[in-house]
file my_file-v4.txt (compact mmCIF, C-alpha atoms and all ligand atoms)
# COMPACT_ATOMS: atom_id res chain seq x y z
CA MET A 1 7.23 -2.52 -12.15
CA ASN A 2 9.12 -5.05 -10.12
CA SER A 3 8.55 -8.55 -11.33
CA PRO A 4 5.95 -10.07 -9.13
CA THR A 5 6.55 -12.93 -6.79
CA PHE A 6 3.54 -15.13 -7.00
CA PRO A 7 3.66 -17.60 -4.16
CA THR A 8 2.11 -20.81 -5.40
CA ASP A 9 1.28 -21.58 -1.79
CA PHE A 10 -1.32 -18.86 -1.83
CA GLU A 11 -4.16 -20.35 -3.81
CA GLY A 12 -6.45 -17.85 -5.45
CA ARG A 13 -10.13 -18.25 -5.83
CA LYS A 14 -11.17 -20.47 -8.71
CA PRO A 15 -13.14 -18.58 -11.35
CA ASP A 16 -16.77 -19.35 -11.21
CA GLU A 17 -19.56 -18.18 -13.51
CA ALA A 18 -21.75 -17.60 -10.49
CA ASP A 19 -19.11 -15.51 -8.71
CA ALA A 20 -20.60 -12.29 -9.98
CA ALA A 21 -23.90 -13.05 -8.33
CA LYS A 22 -22.37 -14.18 -5.06
CA ALA A 23 -21.04 -11.97 -2.33
CA LEU A 24 -17.53 -13.40 -1.96
CA PRO A 25 -15.69 -12.98 1.31
CA CYS A 26 -13.11 -10.21 1.11
CA PRO A 27 -9.57 -11.63 0.65
CA CYS A 28 -8.24 -8.69 2.65
CA CYS A 29 -10.44 -8.51 5.77
CA GLY A 30 -12.53 -11.68 5.48
CA GLY A 31 -15.77 -9.64 5.58
CA GLY A 32 -18.75 -10.55 3.44
CA SER A 33 -19.77 -7.12 2.21
CA THR A 34 -18.39 -7.19 -1.33
CA ALA A 35 -20.02 -6.14 -4.61
CA ALA A 36 -18.88 -6.05 -8.26
CA LEU A 37 -18.43 -2.58 -9.77
CA TYR A 38 -16.42 -2.94 -13.00
CA HIS A 39 -16.09 -5.57 -15.70
CA VAL A 40 -13.55 -5.78 -18.55
CA PRO A 41 -13.99 -8.59 -21.05
CA SER A 42 -11.19 -10.59 -22.62
CA ILE A 43 -7.93 -8.92 -21.63
CA PRO A 44 -4.43 -10.47 -21.84
CA VAL A 45 -3.57 -12.34 -18.64
CA HIS A 46 -0.06 -10.83 -18.63
CA SER A 47 1.02 -7.39 -19.68
CA CYS A 48 4.77 -7.35 -19.03
CA VAL A 49 5.59 -10.34 -21.18
CA LEU A 50 7.73 -10.11 -24.31
CA LEU A 51 6.34 -11.63 -27.48
CA ASN A 52 8.29 -12.23 -30.65
CA SER A 53 5.58 -11.74 -33.26
CA ALA A 54 2.29 -9.94 -33.69
CA GLU A 55 0.57 -13.31 -34.23
CA GLU A 56 1.91 -14.68 -30.97
CA ALA A 57 0.88 -11.45 -29.21
CA ARG A 58 -2.69 -11.64 -30.56
CA ALA A 59 -3.01 -15.30 -29.59
CA PHE A 60 -1.94 -14.57 -26.01
CA PRO A 61 -4.31 -16.05 -23.37
CA ARG A 62 -7.15 -13.78 -22.25
CA ARG A 63 -9.62 -13.70 -19.41
CA ASP A 64 -12.34 -11.37 -18.16
CA LEU A 65 -11.69 -9.17 -15.15
CA GLN A 66 -14.34 -8.22 -12.63
CA LEU A 67 -13.45 -5.74 -9.95
CA ALA A 68 -15.33 -6.01 -6.64
CA PHE A 69 -15.27 -3.57 -3.73
CA CYS A 70 -15.31 -4.43 -0.04
CA ASP A 71 -17.49 -2.03 1.87
CA SER A 72 -15.95 -3.12 5.18
CA CYS A 73 -12.27 -2.35 4.46
CA GLY A 74 -12.12 -0.43 1.13
CA PHE A 75 -10.16 -3.16 -0.68
CA LEU A 76 -10.78 -3.96 -4.37
CA PHE A 77 -10.13 -7.29 -6.06
CA ASN A 78 -10.71 -9.21 -9.26
CA GLN A 79 -13.37 -11.63 -8.08
CA ILE A 80 -13.03 -13.93 -11.11
CA PHE A 81 -9.22 -14.04 -11.05
CA ASP A 82 -7.89 -17.30 -12.48
CA GLU A 83 -4.56 -17.93 -10.84
CA ALA A 84 -4.02 -21.06 -12.92
CA VAL A 85 -3.30 -19.00 -16.07
CA MET A 86 -0.59 -16.93 -14.42
CA SER A 87 3.05 -17.79 -14.91
CA TYR A 88 5.95 -15.54 -14.11
CA SER A 89 9.35 -16.15 -15.60
CA GLY A 90 12.52 -14.55 -16.91
CA ASP A 91 10.60 -13.54 -20.07
CA PHE A 92 9.13 -10.72 -18.04
CA GLU A 93 10.39 -7.28 -18.73
CA GLU A 94 8.95 -4.98 -16.12
CA SER A 95 11.97 -2.80 -15.41
CA GLN A 96 11.35 0.95 -15.48
CA HIS A 97 14.92 1.76 -14.58
CA PHE A 98 15.72 2.83 -18.16
CA SER A 99 13.71 5.98 -17.55
CA ASP A 100 15.66 8.81 -15.91
CA THR A 101 12.53 9.93 -14.06
CA PHE A 102 11.99 6.48 -12.59
CA SER A 103 15.65 5.91 -11.89
CA ALA A 104 15.87 9.16 -9.92
CA PHE A 105 12.78 8.17 -7.90
CA ALA A 106 14.19 4.70 -7.14
CA LYS A 107 17.49 6.18 -5.98
CA GLU A 108 15.73 8.69 -3.74
CA LEU A 109 13.48 6.00 -2.25
CA ALA A 110 16.47 3.72 -1.60
CA ARG A 111 18.15 6.59 0.28
CA GLU A 112 14.97 7.21 2.25
CA ILE A 113 14.57 3.54 3.23
CA ALA A 114 18.27 3.23 4.10
CA GLN A 115 17.92 6.17 6.44
CA ALA A 116 14.50 5.38 7.93
CA CYS A 117 15.47 1.76 8.68
CA SER A 118 19.12 2.49 9.62
CA ALA A 119 20.11 -0.09 7.01
CA HIS A 120 23.88 0.08 7.48
CA GLY A 121 25.20 -3.37 8.38
CA LYS A 122 21.74 -4.90 8.28
CA HIS A 123 20.34 -7.73 6.18
CA VAL A 124 17.55 -7.01 3.70
CA LEU A 125 15.14 -9.56 2.26
CA GLU A 126 13.32 -8.35 -0.84
CA ILE A 127 10.31 -10.42 -1.83
CA GLY A 128 9.56 -9.81 -5.52
CA CYS A 129 12.84 -8.09 -6.38
CA GLY A 130 12.33 -8.09 -10.16
CA LYS A 131 15.71 -7.74 -11.87
CA GLY A 132 17.27 -6.66 -8.55
CA GLU A 133 18.09 -3.04 -9.44
CA PHE A 134 16.51 -1.56 -6.32
CA LEU A 135 18.01 -4.04 -3.85
CA ARG A 136 21.49 -3.55 -5.34
CA GLU A 137 21.12 0.20 -5.02
CA LEU A 138 19.86 0.00 -1.42
CA CYS A 139 22.72 -2.30 -0.37
CA ARG A 140 25.30 -0.25 -2.26
CA ILE A 141 24.41 3.06 -0.63
CA SER A 142 23.79 1.69 2.87
CA GLY A 143 26.37 -1.07 3.24
CA ALA A 144 23.60 -3.59 3.94
CA THR A 145 23.58 -7.17 2.65
CA GLY A 146 20.64 -8.41 0.63
CA LEU A 147 18.74 -11.43 -0.58
CA GLY A 148 16.30 -10.96 -3.44
CA ILE A 149 13.69 -13.51 -4.43
CA ASP A 150 11.80 -13.39 -7.70
CA PRO A 151 10.80 -15.98 -10.31
CA GLY A 152 11.47 -13.36 -13.00
CA TYR A 153 15.00 -12.56 -11.80
CA ARG A 154 17.46 -12.78 -14.66
CA THR A 155 21.04 -11.70 -15.15
CA ASP A 156 21.71 -9.73 -18.31
CA ALA A 157 25.06 -8.71 -19.63
CA GLY A 158 25.42 -4.99 -19.08
CA ARG A 159 22.52 -4.72 -16.63
CA ASP A 160 24.16 -6.13 -13.55
CA GLU A 161 27.09 -4.98 -11.55
CA GLU A 162 28.98 -7.59 -9.59
CA ASP A 163 28.19 -7.16 -5.93
CA ASP A 164 29.06 -9.74 -3.28
CA ARG A 165 26.68 -8.17 -0.81
CA VAL A 166 23.59 -9.14 -2.75
CA GLN A 167 22.34 -12.61 -3.64
CA PHE A 168 19.34 -13.71 -5.62
CA ILE A 169 17.02 -16.69 -5.76
CA THR A 170 15.16 -17.16 -9.04
CA ASP A 171 11.98 -18.64 -7.63
CA PHE A 172 8.70 -17.85 -5.93
CA TYR A 173 8.81 -16.76 -2.34
CA LYS A 174 7.57 -19.57 -0.14
CA PRO A 175 7.08 -19.02 3.55
CA SER A 176 9.26 -21.42 5.47
CA GLY A 177 10.57 -20.95 8.99
CA GLN A 178 11.76 -17.66 10.43
CA PHE A 179 13.33 -14.77 8.55
CA ASP A 180 16.82 -13.72 9.51
CA ALA A 181 16.30 -10.35 7.80
CA ASP A 182 16.27 -7.01 9.62
CA ILE A 183 14.41 -5.30 6.79
CA ILE A 184 11.74 -7.03 4.76
CA LEU A 185 11.04 -5.21 1.55
CA CYS A 186 8.19 -5.91 -0.85
CA ARG A 187 7.67 -3.49 -3.73
CA HIS A 188 4.91 -3.78 -6.34
CA THR A 189 4.20 -7.39 -5.49
CA LEU A 190 1.21 -7.41 -3.12
CA GLU A 191 -1.11 -6.31 -5.94
CA HIS A 192 -0.24 -9.54 -7.80
CA ILE A 193 -1.27 -11.75 -4.90
CA ALA A 194 -4.89 -12.88 -4.54
CA SER A 195 -4.83 -14.09 -0.94
CA VAL A 196 -3.43 -10.90 0.53
CA GLN A 197 -4.50 -11.52 4.12
CA LYS A 198 -2.85 -14.92 4.10
CA PHE A 199 0.31 -13.45 2.56
CA VAL A 200 0.69 -10.65 5.12
CA ARG A 201 -0.06 -13.14 7.91
CA SER A 202 2.78 -15.35 6.63
CA ILE A 203 5.19 -12.40 6.76
CA ARG A 204 4.15 -11.70 10.35
CA GLU A 205 4.59 -15.38 11.26
CA GLY A 206 8.00 -15.44 9.55
CA ILE A 207 9.17 -12.62 11.81
CA GLY A 208 8.20 -14.54 14.94
CA SER A 209 8.81 -12.93 18.31
CA ARG A 210 11.22 -10.23 17.06
CA THR A 211 9.78 -6.72 17.07
CA ASP A 212 12.80 -4.90 15.64
CA PRO A 213 12.58 -5.76 11.90
CA TRP A 214 11.25 -3.15 9.50
CA VAL A 215 8.65 -4.15 6.97
CA VAL A 216 8.47 -1.81 3.97
CA PHE A 217 5.81 -2.26 1.30
CA GLU A 218 5.24 -0.24 -1.86
CA THR A 219 1.95 -0.78 -3.68
CA PRO A 220 -0.01 1.25 -6.27
CA ASP A 221 -2.68 3.51 -4.81
CA ALA A 222 -6.13 2.48 -6.01
CA LYS A 223 -7.90 5.47 -4.50
CA ARG A 224 -6.40 7.62 -7.25
CA VAL A 225 -7.48 5.00 -9.84
CA LEU A 226 -11.08 5.22 -8.63
CA ALA A 227 -11.01 9.02 -8.41
CA GLU A 228 -9.58 9.48 -11.92
CA GLY A 229 -11.45 6.65 -13.62
CA ALA A 230 -7.92 5.46 -14.53
CA PHE A 231 -8.93 2.27 -16.35
CA TRP A 232 -5.37 1.86 -17.76
CA ASP A 233 -4.26 1.05 -14.20
CA ILE A 234 -6.62 -1.92 -13.97
CA TYR A 235 -5.27 -5.08 -15.62
CA TYR A 236 -5.21 -8.80 -15.16
CA GLU A 237 -1.82 -9.13 -13.46
CA HIS A 238 -3.13 -6.95 -10.66
CA CYS A 239 -5.77 -8.93 -8.81
CA SER A 240 -5.60 -6.84 -5.60
CA TYR A 241 -6.05 -3.07 -5.26
CA PHE A 242 -5.45 -0.99 -2.13
CA SER A 243 -6.21 2.49 -0.92
CA PRO A 244 -3.70 3.75 1.68
CA GLY A 245 -6.26 3.01 4.39
CA ALA A 246 -7.06 -0.51 3.16
CA HIS A 247 -3.32 -1.23 3.01
CA ALA A 248 -2.73 -0.04 6.57
CA ARG A 249 -5.87 -1.76 7.92
CA LEU A 250 -4.62 -5.11 6.59
CA PHE A 251 -1.21 -4.75 8.27
CA ARG A 252 -2.68 -3.50 11.55
CA ALA A 253 -5.11 -6.42 11.69
CA GLU A 254 -2.25 -8.88 11.13
CA GLY A 255 -0.07 -7.69 14.00
CA PHE A 256 1.90 -4.73 12.70
CA ASP A 257 2.13 -1.13 13.77
CA VAL A 258 2.07 1.07 10.68
CA THR A 259 4.55 3.82 11.52
CA ASP A 260 4.47 5.78 8.29
CA LEU A 261 2.25 5.80 5.26
CA ARG A 262 2.80 8.16 2.35
CA LEU A 263 2.06 8.64 -1.30
CA ARG A 264 5.02 8.87 -3.66
CA TYR A 265 5.80 9.15 -7.36
CA GLY A 266 3.21 11.75 -8.26
CA ASP A 267 0.91 10.23 -5.61
CA GLN A 268 0.75 6.96 -7.57
CA TYR A 269 2.40 4.64 -5.06
CA ILE A 270 1.71 3.90 -1.41
CA VAL A 271 4.93 3.53 0.60
CA GLN A 272 4.27 2.00 3.99
CA TYR A 273 6.67 1.44 6.89
CA ALA A 274 5.58 -1.01 9.58
CA ARG A 275 6.99 -2.95 12.51
CA PRO A 276 5.67 -6.09 14.14
CA ILE A 277 4.04 -5.74 17.53
CA ALA A 278 4.03 -8.41 20.21
CA THR A 279 0.27 -8.67 20.32
CA GLY A 280 -1.96 -7.37 17.56
CA PRO A 281 -3.94 -5.72 16.13
CA SER A 282 -2.84 -2.07 16.33
CA ARG A 283 -5.02 1.02 16.15
CA PRO A 284 -5.06 3.53 13.28
CA ARG A 285 -3.26 6.80 13.94
CA LEU A 286 -2.10 8.20 10.58
CA ASP A 287 -4.06 10.76 8.54
CA LEU A 288 -3.98 8.79 5.29
CA GLU A 289 -5.62 5.77 6.93
CA ASP A 290 -8.93 7.50 7.44
CA ASP A 291 -10.28 6.89 3.93
CA LEU A 292 -13.06 4.29 4.19
CA ALA A 293 -16.00 6.67 3.75
CA GLU A 294 -14.21 8.36 0.85
CA MET A 295 -13.51 4.99 -0.79
CA GLN A 296 -17.17 3.97 -0.40
CA GLY A 297 -18.21 7.17 -2.20
CA LEU A 298 -15.61 6.73 -4.95
CA ALA A 299 -16.58 3.09 -5.51
CA LYS A 300 -20.20 4.11 -5.92
CA SER A 301 -19.46 6.73 -8.56
CA PHE A 302 -16.66 4.79 -10.34
CA PRO A 303 -18.80 2.89 -12.91
CA SER A 304 -20.19 6.07 -14.47
CA ARG A 305 -16.88 7.93 -14.20
CA VAL A 306 -14.81 5.22 -15.87
CA ARG A 307 -17.32 4.97 -18.73
CA ILE A 308 -16.97 8.69 -19.42
CA VAL A 309 -13.14 8.53 -19.38
CA GLN A 310 -13.14 5.51 -21.72
CA ASP A 311 -15.59 7.14 -24.14
CA GLU A 312 -13.51 10.33 -24.25
CA TRP A 313 -10.28 8.49 -25.09
CA ARG A 314 -11.92 6.19 -27.62
CA GLU A 315 -13.47 9.17 -29.39
CA ARG A 316 -10.25 11.15 -29.30
CA VAL A 317 -8.16 8.35 -30.82
CA ARG A 318 -10.77 7.41 -33.43
CA SER A 319 -11.24 10.99 -34.63
CA ALA A 320 -7.47 11.66 -34.81
CA SER A 321 -7.06 8.43 -36.74
CA ALA A 322 -9.94 9.37 -39.08
CA GLU A 323 -8.09 12.63 -39.83
CA GLY A 324 -5.14 10.52 -40.98
CA LYS A 325 -2.97 11.33 -37.97
CA ARG A 326 -0.19 8.98 -36.99
CA ILE A 327 -0.71 8.07 -33.32
CA VAL A 328 1.73 6.32 -31.03
CA VAL A 329 1.40 5.19 -27.43
CA TRP A 330 4.44 5.88 -25.24
CA GLY A 331 4.88 3.16 -22.62
CA GLY A 332 5.06 -0.55 -23.46
CA GLY A 333 4.17 -1.76 -19.97
CA SER A 334 0.97 -2.82 -18.30
CA LYS A 335 -0.72 0.57 -18.58
CA GLY A 336 -0.18 0.55 -22.34
CA VAL A 337 -1.54 -2.97 -22.71
CA SER A 338 -4.58 -2.08 -20.63
CA PHE A 339 -5.22 1.18 -22.49
CA LEU A 340 -5.09 -0.54 -25.90
CA THR A 341 -7.04 -3.68 -25.04
CA THR A 342 -9.68 -2.08 -22.80
CA LEU A 343 -10.50 0.47 -25.51
CA GLY A 344 -10.24 -2.17 -28.25
CA LEU A 345 -7.71 -0.13 -30.25
CA ASP A 346 -5.96 -1.74 -33.18
CA THR A 347 -4.81 -0.07 -36.43
CA GLU A 348 -5.58 3.41 -35.05
CA ILE A 349 -2.28 3.13 -33.16
CA SER A 350 0.85 2.88 -35.34
CA ALA A 351 3.27 1.67 -32.69
CA VAL A 352 4.17 1.67 -29.03
CA VAL A 353 7.35 3.45 -27.91
CA ASP A 354 9.44 2.31 -24.96
CA VAL A 355 12.88 3.36 -23.70
CA ASN A 356 13.61 -0.14 -22.34
CA PRO A 357 15.85 -1.79 -24.97
CA TYR A 358 14.69 -5.25 -23.84
CA LYS A 359 11.16 -4.37 -24.99
CA GLN A 360 12.07 -2.87 -28.35
CA GLY A 361 11.43 -5.12 -31.35
CA LYS A 362 8.90 -7.12 -29.33
CA PHE A 363 5.09 -7.10 -29.48
CA MET A 364 2.41 -6.10 -26.97
CA PRO A 365 0.11 -8.92 -25.78
CA GLY A 366 -3.42 -8.30 -27.03
CA ALA A 367 -3.64 -6.28 -30.23
CA GLY A 368 0.00 -7.08 -31.07
CA HIS A 369 1.37 -3.56 -31.48
CA ARG A 370 5.09 -3.37 -32.19
CA VAL A 371 7.36 -1.82 -29.55
CA ILE A 372 9.91 0.58 -31.01
CA ALA A 373 12.75 2.76 -29.72
CA PRO A 374 12.19 6.52 -29.53
CA SER A 375 14.78 7.02 -32.31
CA ALA A 376 12.63 4.93 -34.69
CA LEU A 377 10.07 7.76 -34.63
CA VAL A 378 12.36 9.89 -36.81
CA ALA A 379 11.66 7.74 -39.86
CA GLU A 380 7.90 7.83 -39.24
CA PRO A 381 7.12 10.99 -37.25
CA PRO A 382 4.01 10.82 -35.08
CA ASP A 383 1.31 13.51 -34.97
CA LEU A 384 -0.01 12.49 -31.55
CA VAL A 385 1.88 10.82 -28.70
CA ILE A 386 -0.28 9.36 -25.92
CA VAL A 387 1.78 9.13 -22.76
CA MET A 388 0.82 6.26 -20.44
CA ASN A 389 2.04 7.96 -17.28
CA PRO A 390 1.92 11.74 -16.78
CA ILE A 391 5.06 11.60 -14.64
CA TYR A 392 7.11 10.84 -17.78
CA ARG A 393 5.65 13.69 -19.80
CA ALA A 394 8.58 16.10 -19.38
CA GLU A 395 11.17 13.39 -20.03
CA ILE A 396 9.31 12.31 -23.18
CA ALA A 397 8.90 15.89 -24.44
CA LYS A 398 12.66 16.36 -24.00
CA THR A 399 13.44 13.15 -25.92
CA LEU A 400 11.10 14.11 -28.77
CA ASN A 401 12.59 17.58 -28.90
CA ALA A 402 16.12 16.14 -29.11
CA LEU A 403 14.95 14.01 -32.05
CA GLY A 404 13.65 17.15 -33.78
CA LEU A 405 10.02 15.98 -33.44
CA LYS A 406 7.13 18.21 -32.42
CA PRO A 407 4.00 16.04 -32.14
CA GLU A 408 1.05 16.83 -29.92
CA ILE A 409 1.65 15.17 -26.55
CA SER A 410 -1.27 14.02 -24.43
CA ALA A 411 -0.97 12.09 -21.17
CA VAL A 412 -3.54 9.88 -19.48
CA GLY A 413 -4.55 10.85 -15.95
ZN ZN B 501 -12.49 -6.23 3.18
call {"tool": "encode", "arguments": {"input": "my_file-v4.txt", "output": "structure tokens"}}
result
Amino acid sequence: MNSPTFPTDFEGRKPDEADAAKALPCPCCGGGSTAALYHVPSIPVHSCVLLNSAEEARAFPRRDLQLAFCDSCGFLFNQIFDEAVMSYSGDFEESQHFSDTFSAFAKELAREIAQACSAHGKHVLEIGCGKGEFLRELCRISGATGLGIDPGYRTDAGRDEEDDRVQFITDFYKPSGQFDADIILCRHTLEHIASVQKFVRSIREGIGSRTDPWVVFETPDAKRVLAEGAFWDIYYEHCSYFSPGAHARLFRAEGFDVTDLRLRYGDQYIVQYARPIATGPSRPRLDLEDDLAEMQGLAKSFPSRVRIVQDEWRERVRSASAEGKRIVVWGGGSKGVSFLTTLGLDTEISAVVDVNPYKQGKFMPGAGHRVIAPSALVAEPPDLVIVMNPIYRAEIAKTLNALGLKPEISAVG
């Protein structure tokens, strides 16, 4: 979603052939009780990048991913993550704001944060602000000022409204000195950072002795991913995966009080409000935090569950393709890349549809599928549309209907 800030100061673990056999310390709690539970070979190292030809897309760098689970804190991480291959730039197109469903959610969340943090007249720092849409909205509705930092920030004609209240730095966030912000916002960024404990510690240190700033994080919920066998939500750009409890445990251990923790956007995202405390750690007190035993159970059963889900989708696509059906995937983001490359799909899928005009005409890293606009489906009507996020199903059905198309629609999850 938001373009990730990837602080170069936070070195990741170097990939090591022997990593799989070793119990690596957990990057979230520092404990030693970690074990591998899922392996995906040869997937593109980025999934939000725009490529200009199918050849370039197929030649895109790949690595293996190996997900490990920490029995002590419920955190999941790619234990063979190779930070050296990651590079984030303005070529990233992660914005979901072209979807009405997403746009409405972002507006509602901005209102909620403005109210919860009494943002009027305050200064907001957003680490990993992407193209800045959310920060602009938050400052516009609340009268706050803002500073957004993101290496993938880019100004596009037509995308940006002039707003003196908000400034941007096109770079990685680097901890240096004390924050002057009253609200520190970090949305869909923590999952891109390998050394999560070190990162959260740096935020706490940046706040110093003040206890009044709000710290608001939004991160995908990995408990749902484990429970659903949602392999499309596991991809290389995400090296860190949190359940609500694992998320809160990290912040509590690093000197924050977690004041609110909730699931949003069809229970896909964790939204966490926290405030620094003078002396840490703090004790758990929210219902959603109590999930360690549940996570241990889900981690144990995940390998067999994910295999079943993958086999079902592979079979479904292959048999529809064998019947001569034209199949498209709707969603040219990370979920789409993961779905196609994890299942090894190629010519079975005719194209990938995306409402973001900056993605259209480009190619998906991995198998090199072309990204087209919804209107392009009229010339080549699909028989089956696979929706990469069930929350967009109604919006997509409406769009197809308006185009006079009546394909079968099937959503993952
Ligand atoms: Zn841990």
call {"tool": "closest_residue", "arguments": {"input": "my_file-v4.txt", "among": "A:Asp171, A:Glu312, A:Asp260, A:Asp233", "to": "His247 of chain A", "atoms": "all atoms listed in the file"}}
result
A:Asp260
call {"tool": "closest_residue", "arguments": {"input": "my_file-v4.txt", "among": "A:Phe69, A:Phe134, A:Phe172, A:Tyr358", "to": "Tyr241 of chain A", "atoms": "all atoms listed in the file"}}
result
A:Phe69
call {"tool": "residues_near_ligand", "arguments": {"input": "my_file-v4.txt", "ligand": "ligand ZN 501 (chain B)", "cutoff": "6 Å", "atoms": "only C-alpha atoms and all ligand atoms", "output": "list of chain:residue names"}}
result
A:Cys26, A:Cys28, A:Cys29, A:Gly30, A:Gly31, A:Cys70, A:Ser72, A:Cys73, A:Phe75
call {"tool": "closest_residue", "arguments": {"input": "my_file-v4.txt", "among": "A:Arg314, A:His188, A:Arg252, A:Arg111", "to": "Val200 of chain A", "atoms": "only C-alpha atoms"}}
result
A:Arg252
call {"tool": "atom_distance", "arguments": {"input": "my_file-v4.txt", "atom1": "atom CA of Asp64 of chain A", "atom2": "atom CA of Ser42 of chain A"}}
result
4.7 Å
call {"tool": "axis_aligned_box", "arguments": {"input": "my_file-v4.txt", "around": "segment 116-132 of chain A", "padding_each_side": "8 Å", "output": "AutoDock Vina command-line options"}}
result
--center_x 17.4 --center_y -2.5 --center_z -1.1 --size_x 31.6 --size_y 31.8 --size_z 37.5
call {"tool": "decode", "arguments": {"input": "my_file-v4.txt", "residues": "segment 324-388 of chain A", "atoms": "C-alpha atoms", "output": "short mmCIF file (atom, residue, chain, number, x, y, z; two decimals), in the first residue's frame"}}
result
data_model
loop_
_atom_site.label_atom_id
_atom_site.label_comp_id
_atom_site.auth_asym_id
_atom_site.auth_seq_id
_atom_site.Cartn_x
_atom_site.Cartn_y
_atom_site.Cartn_z
CA GLY A 324 -10.79 -22.51 -23.04
CA LYS A 325 -11.99 -19.89 -20.58
CA ARG A 326 -10.43 -16.45 -20.61
CA ILE A 327 -9.21 -15.73 -17.07
CA VAL A 328 -8.06 -12.40 -15.69
CA VAL A 329 -6.68 -11.46 -12.29
CA TRP A 330 -8.05 -8.21 -10.84
CA GLY A 331 -5.41 -6.42 -8.77
CA GLY A 332 -1.94 -5.56 -10.09
CA GLY A 333 -0.34 -5.14 -6.67
CA SER A 334 1.65 -7.41 -4.41
CA LYS A 335 -1.16 -9.89 -3.85
CA GLY A 336 -1.51 -10.40 -7.59
CA VAL A 337 2.23 -10.90 -8.06
CA SER A 338 2.32 -13.38 -5.20
CA PHE A 339 -0.74 -15.29 -6.43
CA LEU A 340 0.68 -15.66 -9.95
CA THR A 341 4.28 -16.46 -9.05
CA THR A 342 3.59 -18.71 -6.05
CA LEU A 343 1.21 -20.84 -8.13
CA GLY A 344 3.51 -20.68 -11.16
CA LEU A 345 0.75 -19.37 -13.45
CA ASP A 346 1.65 -18.13 -16.90
CA THR A 347 -0.44 -18.35 -20.09
CA GLU A 348 -3.50 -19.56 -18.13
CA ILE A 349 -4.03 -15.91 -17.16
CA SER A 350 -4.77 -13.52 -20.05
CA ALA A 351 -4.11 -10.26 -18.25
CA VAL A 352 -4.15 -8.43 -14.95
CA VAL A 353 -6.66 -5.62 -14.42
CA ASP A 354 -5.97 -2.59 -12.24
CA VAL A 355 -7.85 0.68 -11.74
CA ASN A 356 -4.61 2.59 -11.05
CA PRO A 357 -3.78 4.38 -14.34
CA TYR A 358 -0.08 4.47 -13.40
CA LYS A 359 -0.02 0.66 -13.54
CA GLN A 360 -1.90 0.22 -16.80
CA GLY A 361 0.26 -0.61 -19.81
CA LYS A 362 2.99 -1.93 -17.50
CA PHE A 363 3.99 -5.52 -16.71
CA MET A 364 3.91 -7.59 -13.52
CA PRO A 365 7.31 -8.70 -12.17
CA GLY A 366 7.61 -12.48 -12.43
CA ALA A 367 5.55 -14.05 -15.20
CA GLY A 368 5.27 -10.69 -17.00
CA HIS A 369 1.50 -10.40 -17.28
CA ARG A 370 0.26 -7.18 -18.85
CA VAL A 371 -1.70 -4.74 -16.67
CA ILE A 372 -4.78 -3.36 -18.40
CA ALA A 373 -7.57 -0.91 -17.57
CA PRO A 374 -11.03 -2.31 -16.77
CA SER A 375 -12.37 -0.77 -20.02
CA ALA A 376 -9.91 -2.90 -22.04
CA LEU A 377 -11.92 -5.97 -21.00
CA VAL A 378 -14.72 -4.96 -23.39
CA ALA A 379 -12.64 -5.89 -26.42
CA GLU A 380 -11.66 -9.24 -24.90
CA PRO A 381 -14.37 -10.22 -22.40
CA PRO A 382 -13.24 -12.49 -19.56
CA ASP A 383 -15.08 -15.63 -18.46
CA LEU A 384 -13.55 -15.69 -14.98
CA VAL A 385 -12.30 -12.75 -12.91
CA ILE A 386 -10.15 -13.65 -9.90
CA VAL A 387 -10.30 -10.82 -7.39
CA MET A 388 -7.16 -10.38 -5.29
#
